[in-house]
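Trainee: Handing you a structure now.
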Amino acid sequence: MSRRTLRVLVGDAAEPVNIVGRDAWALEALLSAGMIGLTPIDRPAPRWSHYIFKLRGKGIRVETIEEANRGEFKGTHARYVLRSPVTILEDVKG
């Protein structure tokens, strides 16, 4: 099975980077969410924190905002907001 690859420019970087597989899916979801960002509740996926960790490793700034859970289940959850300007140069769907 082939994996999807996004070739992107991050901010003012001179060289593009490749974002592959579920990381590409996560980046596209962050781009679509805009300044509101998203939570794993909005876009369920098993490993959001890991996708964010890997995107940060590629130089992409993602803010994590801690939000209180509503309802009877006390606690918090993360809201992820893309803070780097990202331009998709190429989208290769496997």
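Chain labels follow the order of the structure tokens: the first chain is A, the next B, and so on; residue numbering restarts at 1 in every chain, and ligands are counted from 1 in their shown order.
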Excluding segment 35-49 of chain A and its own-chain neighbours fewer than 5 positions away, which residues fall within 8 Å of it when counting only C-alpha atoms? Please give them as an MDAnalysis selection string.

Mentor: chainID A and resid 26 29:30 77:82

Trainee: What lies within 10 Å of Leu9 of chain A using only C-alpha atoms, ignoring chain neighbours under 3 positions off, as a count of residues only?

Mentor: 16

Trainee: Mind pulling up the distance from atom CA of Trp25 of chain A to atom CA of Ala68 of chain A?

Mentor: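 Computing it gives 25.9 Å between the two atoms.
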
Trainee: Rank nothing, just name the residue among A:Val10, A:Asp91, A:Asp23, A:Arg4 nearest to Tyr51 of chain A, using only C-alpha atoms.

Mentor: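 Residue with the minimum atom-to-atom distance to Tyr51 of chain A: A:Asp23.
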
Trainee: What's the separation between atom CA of Leu27 of chain A and atom CA of Leu55 of chain A, in Å to one decimal place?

Mentor: 7.6 Å
